[in-house]
Amino acid sequence: MSAMLRIAIFVTLLLVALVYALRKGGGPEKAVAAILLFMLVSDQALHLIFAVNFVTVDAGHLVIDLIAAAATMTVALTAYRFWPMLAAVLQCLPLLAHTTRAIDMDLHPIAYLTMQVAASWLLPPLLVAATWQHQKRLARIGSDRSWYISLRPSSPSAAKR
């Protein structure tokens, strides 16, 4: 399969997942969809501006991956769902690719590229499954709590203030 066909298939799957999550998802699903949309647009802009080679550490993709990992971890820590934790792990895997490239400059460029993008293939189906589960909870219960917000005081003495 050619590289262009793989990219077209991935972008199609991603766009389907994004549309579904943005239309039918709860807060966490929409937040992760926005992060993935940011990554898609940033990646396209990066490739238009710079010729990307995978011989050295790819600074442009490193910045995109750092922002996406931080944003996804923030969602994972605040969402009232388990699946964002999986998404955060998948977003951190490309950071290992950049670290490996920095440590081992003899790493083959194709291995570096594969390490950067392989986990991305799991994000669209995860987002679709999460959105579908959200819709099931809405149908079954009528509501679906999106975010974990504790309104309880952290200590009894704080409640008296």
# chains A, B, ... in the order shown; residues from 1 in each chain; ligands from 1
>>> closest_atom_pairs(of="region 74-131 of chain A", to="region 44-67 of chain A", cutoff="7 Å", atoms="only C-alpha atoms", output="JSON lines")
{"residue": "A:Pro94", "atom": "CA", "partner": "A:Asp65", "partner_atom": "CA", "distance": 6.8}
{"residue": "A:Leu95", "atom": "CA", "partner": "A:Asp65", "partner_atom": "CA", "distance": 6.7}
{"residue": "A:His98", "atom": "CA", "partner": "A:Val57", "partner_atom": "CA", "distance": 6.1}
{"residue": "A:Arg101", "atom": "CA", "partner": "A:Val57", "partner_atom": "CA", "distance": 5.9}
{"residue": "A:Ala102", "atom": "CA", "partner": "A:Val57", "partner_atom": "CA", "distance": 6.1}
{"residue": "A:Met105", "atom": "CA", "partner": "A:Thr56", "partner_atom": "CA", "distance": 6.9}
{"residue": "A:Pro109", "atom": "CA", "partner": "A:Phe54", "partner_atom": "CA", "distance": 4.8}
{"residue": "A:Tyr112", "atom": "CA", "partner": "A:Phe54", "partner_atom": "CA", "distance": 6.6}
{"residue": "A:Leu113", "atom": "CA", "partner": "A:Phe54", "partner_atom": "CA", "distance": 6.5}
>>> select_by_dssp(residues="chain A", states="helix (DSSP H, G or I)", output="PyMOL selection string")
chain A and resi 3-24+27-49+59-78+83-103+109-141+156-160
>>> residues_around(residues="Leu22 (chain A)", least_positions_apart="5", cutoff="9 Å", atoms="only C-alpha atoms", output="list in words")
Ala17, Glu29, Lys30, Ala31, Ala33 and Ala34 of chain A
>>> write_last_selection(atoms="N, CA and C atoms", output="PDB file, in the first residue's frame")
ATOM      1  N   ALA A  17     -14.342  10.215  12.695  1.00  0.00           N
ATOM      2  CA  ALA A  17     -14.350  10.203  14.162  1.00  0.00           C
ATOM      3  C   ALA A  17     -14.556  11.603  14.723  1.00  0.00           C
ATOM      4  N   GLU A  29     -15.204  13.991  24.945  1.00  0.00           N
ATOM      5  CA  GLU A  29     -15.108  13.555  23.552  1.00  0.00           C
ATOM      6  C   GLU A  29     -14.855  14.748  22.626  1.00  0.00           C
ATOM      7  N   LYS A  30     -15.556  15.837  22.888  1.00  0.00           N
ATOM      8  CA  LYS A  30     -15.359  17.043  22.082  1.00  0.00           C
ATOM      9  C   LYS A  30     -13.978  17.648  22.322  1.00  0.00           C
ATOM     10  N   ALA A  31     -13.512  17.603  23.551  1.00  0.00           N
ATOM     11  CA  ALA A  31     -12.187  18.153  23.857  1.00  0.00           C
ATOM     12  C   ALA A  31     -11.086  17.365  23.142  1.00  0.00           C
ATOM     13  N   ALA A  33     -11.498  15.519  20.488  1.00  0.00           N
ATOM     14  CA  ALA A  33     -11.673  15.773  19.055  1.00  0.00           C
ATOM     15  C   ALA A  33     -11.007  17.092  18.666  1.00  0.00           C
ATOM     16  N   ALA A  34     -11.145  18.105  19.499  1.00  0.00           N
ATOM     17  CA  ALA A  34     -10.508  19.400  19.213  1.00  0.00           C
ATOM     18  C   ALA A  34      -8.985  19.269  19.222  1.00  0.00           C
TER      19      ALA A  34
END
>>> closest_residue(among="A:Trp121, A:Trp132, A:Trp147, A:Phe10", to="Pro28 (chain A)", atoms="only C-alpha atoms")
A:Trp147
>>> residues_around(residues="region 1-8 of chain A", least_positions_apart="4", cutoff="12 Å", atoms="only C-alpha atoms", output="PyMOL selection string")
chain A and resi 12-15+40+44+110+113-114+117-118+120-121
>>> residues_around(residues="Val32 (chain A)", least_positions_apart="5", cutoff="9 Å", atoms="only C-alpha atoms", output="list in words")
Leu18, Ala21, Gly27, Leu37, Ala71, Thr72, Val75, Pro84, Ala87 and Leu127 of chain A
>>> write_last_selection(atoms="N, CA and C atoms", output="CSV table (one decimal), in the first residue's frame")
chain,number,residue,atom,x,y,z
A,18,LEU,N,-13.9,12.6,14.1
A,18,LEU,CA,-14.0,14.0,14.6
A,18,LEU,C,-15.4,14.5,14.4
A,21,ALA,N,-17.7,12.7,17.0
A,21,ALA,CA,-17.5,13.2,18.4
A,21,ALA,C,-17.9,14.6,18.6
A,27,GLY,N,-18.5,16.4,26.8
A,27,GLY,CA,-17.3,17.3,26.9
A,27,GLY,C,-16.0,16.7,26.6
A,37,LEU,N,-8.0,17.6,16.0
A,37,LEU,CA,-8.2,18.5,14.9
A,37,LEU,C,-7.0,19.5,14.9
A,71,ALA,N,-2.3,18.5,26.6
A,71,ALA,CA,-3.8,18.8,26.5
A,71,ALA,C,-4.6,17.5,26.8
A,72,THR,N,-4.1,16.4,26.2
A,72,THR,CA,-4.8,15.2,26.4
A,72,THR,C,-4.7,14.7,27.9
A,75,VAL,N,-7.2,16.6,29.9
A,75,VAL,CA,-8.5,16.0,29.7
A,75,VAL,C,-8.6,14.8,30.6
A,84,PRO,N,-10.1,8.7,28.4
A,84,PRO,CA,-9.1,9.7,28.1
A,84,PRO,C,-7.7,9.3,28.6
A,87,ALA,N,-6.2,7.6,25.8
A,87,ALA,CA,-5.8,8.5,24.8
A,87,ALA,C,-4.6,9.3,25.2
A,127,LEU,N,-11.9,7.2,19.9
A,127,LEU,CA,-12.8,8.3,20.0
A,127,LEU,C,-14.3,7.9,19.6
>>> residues_around(residues="Tyr20 (chain A)", least_positions_apart="4", cutoff="8 Å", atoms="only C-alpha atoms", output="count of residues only")
5
>>> residues_around(residues="Trp83 (chain A)", least_positions_apart="4", cutoff="8 Å", atoms="only C-alpha atoms", output="list of chain:residue names")
A:Ala76, A:Ala87, A:Leu126, A:Ala130
>>> closest_residue(among="A:Val19, A:Asp144, A:Asp43, A:Ile35", to="Gln91 (chain A)", atoms="only C-alpha atoms")
A:Ile35
>>> atom_distance(atom1="CA of Lys136 (chain A)", atom2="CA of Ala119 (chain A)")
26.3 Å
